[in-house]
Amino acid sequence: MGVPDTGRNRALPLDGLRAVAALLVIALHVGIYTGQVASSWLGIGEAGPLGPVISRFTVGVPIFFVLSGLLLYRPFADAARKGGPRPSTVRYLRHRAVRILPAYWLVALVSLGWFGRDTLGALWPALRTFLLLHIYGSDPIPAGIPQTWSLATEVSFYAVLPLLAVALHPLLRRGRTVVVLGVLGAVEAVTLLSVVLTHVPSAGPYPPAQLWLPEYAGYFAAGMALAVVASRTAEPPAFARRPWLCWGVALLAYVLVSTPLTGSTLRYPTVGEALLEHALYLVVAVGLVAPLVLGPARPERATPAGLLSRPVPAWLGQISYGLFLWHMVVVEGWLRTTGERAGSADFLVLFPVTVVLSVGCAALSHYLVERPLRRLRGRTPVPRGRPLPRPAAT
């Protein structure tokens, strides 16, 4: 059976989608800190006129998680299809550590030095932050890096993935694709159970467990399922040949998740609202990613893959990890420098400032920290025809 191209033609649109997801996350956080998006968690009151549009840009996180599940599991799925051994777990974990930790440590050091010297001066809070364990406690997430809760969640997936790969490898080698997809469906069931347990009234609002891996494992499992299908599909499925239809479904799901059906950011959602929100976010993320990885290897320029492969979105996708890491340092620094309080700044000023300064910081991080270290670990930028690159973190 033939195998779809997994080279640079597919890497570029996925890079571009990472850029879109990063910009969604930035717009959401700027919206919260300018009062456009209400946040019961942060105690920011009524939403502004942009709130209905950007309040659900949290979907950027599920997009990142689906991409991570897809790209990280794809080498394991390909190895099983070819009948070969699993990729080295030690090598995989070393690559993940080199990819994630140095850039994160740099931004955490800057953030704590600027905004959280009390945390930096205390051994366990500082150590917990640098080890990405700060979601496993009731203390506030450090100022300047509150978004890194999702990075801590993703790192826990990095640790679990080799165990899943061990369990799934013999099944894939024997061609038991349906069974593998069933196992991944069971992972989604774990997430549904977690969502219920963290949203029942007895759990209270914002319990720590709602930031942990079980709450989001279904997104990673969906990406892994896409990796399995992509590794074993010779021709694009019918739906993948109609990418705008897939993206239209994703848009419809986003419109629905932005309605009162999923509650309001002014309060912690109920069980029903949270389950519907998760399901719709899953539709959005899979609807956006699936045609990029399962569609034609050389898409037309007017398709989503063609548009995302253009130089600007593809480059922004390559530095998206830095965009994710630095943008809240920019936001917090702007508020402290201007003396504005959270919830009162001007979105139309702070958003472009945040994007421009975050792009600058991310580019410096990419070219001075991330790329040199990737070369030291024996990796170089992927030329045409090589396998898909590792994903940026979220």
# chains A, B, ... in the order shown; residues from 1 in each chain; ligands from 1
call {"tool": "select_by_dssp", "arguments": {"residues": "range 283-336 of chain A", "states": "helix (DSSP H, G or I)", "output": "JSON, numbers by chain"}}
result
{"A": [283, 284, 285, 286, 287, 288, 289, 290, 291, 292, 293, 294, 304, 305, 306, 307, 308, 311, 312, 313, 314, 315, 316, 317, 318, 320, 321, 322, 323, 324, 325, 326, 327, 328, 329, 330, 331, 332, 333, 334, 335, 336]}
call {"tool": "residues_around", "arguments": {"residues": "range 47-61 of chain A", "least_positions_apart": "2", "cutoff": "7 Å", "atoms": "only C-alpha atoms", "output": "list in words"}}
result
Ala21, Ala22, Leu24, Val25, Leu28, Gly35, Gln36, Val37, Ala38, Gly45, Ile63, Phe64, Phe65, Ser258, Tyr281 and Thr394 of chain A
call {"tool": "closest_residue", "arguments": {"among": "A:Leu323, A:Leu275, A:Leu376, A:Leu251", "to": "Thr354 in chain A", "atoms": "only C-alpha atoms"}}
result
A:Leu323
call {"tool": "residues_around", "arguments": {"residues": "range 128-132 of chain A", "least_positions_apart": "5", "cutoff": "8 Å", "atoms": "only C-alpha atoms", "output": "VMD selection string"}}
result
chain A and resid 105 108 142 151 to 152 155
call {"tool": "atom_distance", "arguments": {"atom1": "CA of His29 in chain A", "atom2": "CA of Leu211 in chain A"}}
result
17.0 Å
call {"tool": "residues_around", "arguments": {"residues": "Trp114 in chain A", "least_positions_apart": "4", "cutoff": "9 Å", "atoms": "only C-alpha atoms", "output": "VMD selection string"}}
result
chain A and resid 109 to 110 144 333
call {"tool": "write_last_selection", "arguments": {"atoms": "all heavy atoms", "output": "tab-separated table (two decimals), in the first residue's frame"}}
result
chain	number	residue	atom	x	y	z
A	109	LEU	N	12.68	32.36	33.96
A	109	LEU	CA	13.66	33.14	34.72
A	109	LEU	C	13.40	34.64	34.57
A	109	LEU	O	13.41	35.39	35.55
A	109	LEU	CB	15.07	32.80	34.26
A	109	LEU	CG	16.22	33.43	35.05
A	109	LEU	CD1	16.18	32.97	36.50
A	109	LEU	CD2	17.56	33.07	34.41
A	110	VAL	N	13.15	35.08	33.34
A	110	VAL	CA	12.84	36.49	33.10
A	110	VAL	C	11.55	36.88	33.82
A	110	VAL	O	11.47	37.93	34.49
A	110	VAL	CB	12.72	36.76	31.59
A	110	VAL	CG1	12.17	38.17	31.34
A	110	VAL	CG2	14.08	36.59	30.91
A	144	GLY	N	3.20	36.41	34.58
A	144	GLY	CA	4.01	36.44	33.38
A	144	GLY	C	4.01	35.15	32.60
A	144	GLY	O	4.30	35.14	31.41
A	333	GLY	N	4.25	42.99	31.35
A	333	GLY	CA	5.20	44.09	31.36
A	333	GLY	C	4.57	45.40	30.90
A	333	GLY	O	4.86	46.47	31.46
call {"tool": "residues_around", "arguments": {"residues": "range 310-320 of chain A", "least_positions_apart": "6", "cutoff": "6 Å", "atoms": "only C-alpha atoms", "output": "PDB file with N, CA, C and O atoms, in the first residue's frame"}}
result
ATOM      1  N   LEU A  12       4.531  22.396   6.186  1.00  0.00           N
ATOM      2  CA  LEU A  12       4.279  23.831   6.089  1.00  0.00           C
ATOM      3  C   LEU A  12       2.867  24.218   6.520  1.00  0.00           C
ATOM      4  O   LEU A  12       2.697  25.153   7.309  1.00  0.00           O
ATOM      5  N   ASP A  15       2.618  23.967  10.203  1.00  0.00           N
ATOM      6  CA  ASP A  15       3.283  25.128  10.809  1.00  0.00           C
ATOM      7  C   ASP A  15       2.353  26.336  10.785  1.00  0.00           C
ATOM      8  O   ASP A  15       2.224  27.071  11.771  1.00  0.00           O
ATOM      9  N   GLY A  16       1.718  26.557   9.634  1.00  0.00           N
ATOM     10  CA  GLY A  16       0.813  27.689   9.518  1.00  0.00           C
ATOM     11  C   GLY A  16      -0.351  27.606  10.487  1.00  0.00           C
ATOM     12  O   GLY A  16      -0.770  28.623  11.060  1.00  0.00           O
ATOM     13  N   ARG A  18      -0.273  26.134  13.383  1.00  0.00           N
ATOM     14  CA  ARG A  18       0.278  26.467  14.705  1.00  0.00           C
ATOM     15  C   ARG A  18       0.309  27.973  14.900  1.00  0.00           C
ATOM     16  O   ARG A  18       0.054  28.486  15.994  1.00  0.00           O
ATOM     17  N   ALA A  19       0.659  28.711  13.839  1.00  0.00           N
ATOM     18  CA  ALA A  19       0.667  30.175  13.933  1.00  0.00           C
ATOM     19  C   ALA A  19      -0.728  30.696  14.240  1.00  0.00           C
ATOM     20  O   ALA A  19      -0.906  31.594  15.081  1.00  0.00           O
ATOM     21  N   ALA A 362      10.151  35.929  20.242  1.00  0.00           N
ATOM     22  CA  ALA A 362      10.090  34.552  19.756  1.00  0.00           C
ATOM     23  C   ALA A 362      11.158  34.285  18.707  1.00  0.00           C
ATOM     24  O   ALA A 362      11.767  33.206  18.681  1.00  0.00           O
ATOM     25  N   HIS A 366      14.028  31.604  18.991  1.00  0.00           N
ATOM     26  CA  HIS A 366      14.132  30.543  17.983  1.00  0.00           C
ATOM     27  C   HIS A 366      15.548  30.437  17.424  1.00  0.00           C
ATOM     28  O   HIS A 366      16.109  29.339  17.339  1.00  0.00           O
TER      29      HIS A 366
END
call {"tool": "atom_distance", "arguments": {"atom1": "CA of Met328 in chain A", "atom2": "CA of Ala143 in chain A"}}
result
8.4 Å
call {"tool": "residues_around", "arguments": {"residues": "range 172-186 of chain A", "least_positions_apart": "2", "cutoff": "10 Å", "atoms": "only C-alpha atoms", "output": "PyMOL selection string"}}
result
chain A and resi 76-85+164-165+167-170+188-192+217-218+220-226+228-229+232
call {"tool": "residues_around", "arguments": {"residues": "Tyr206 in chain A", "least_positions_apart": "5", "cutoff": "12 Å", "atoms": "only C-alpha atoms", "output": "ChimeraX atom specification"}}
result
/A:39-42,135,137-138,140,195,197-201,211-212,267-270
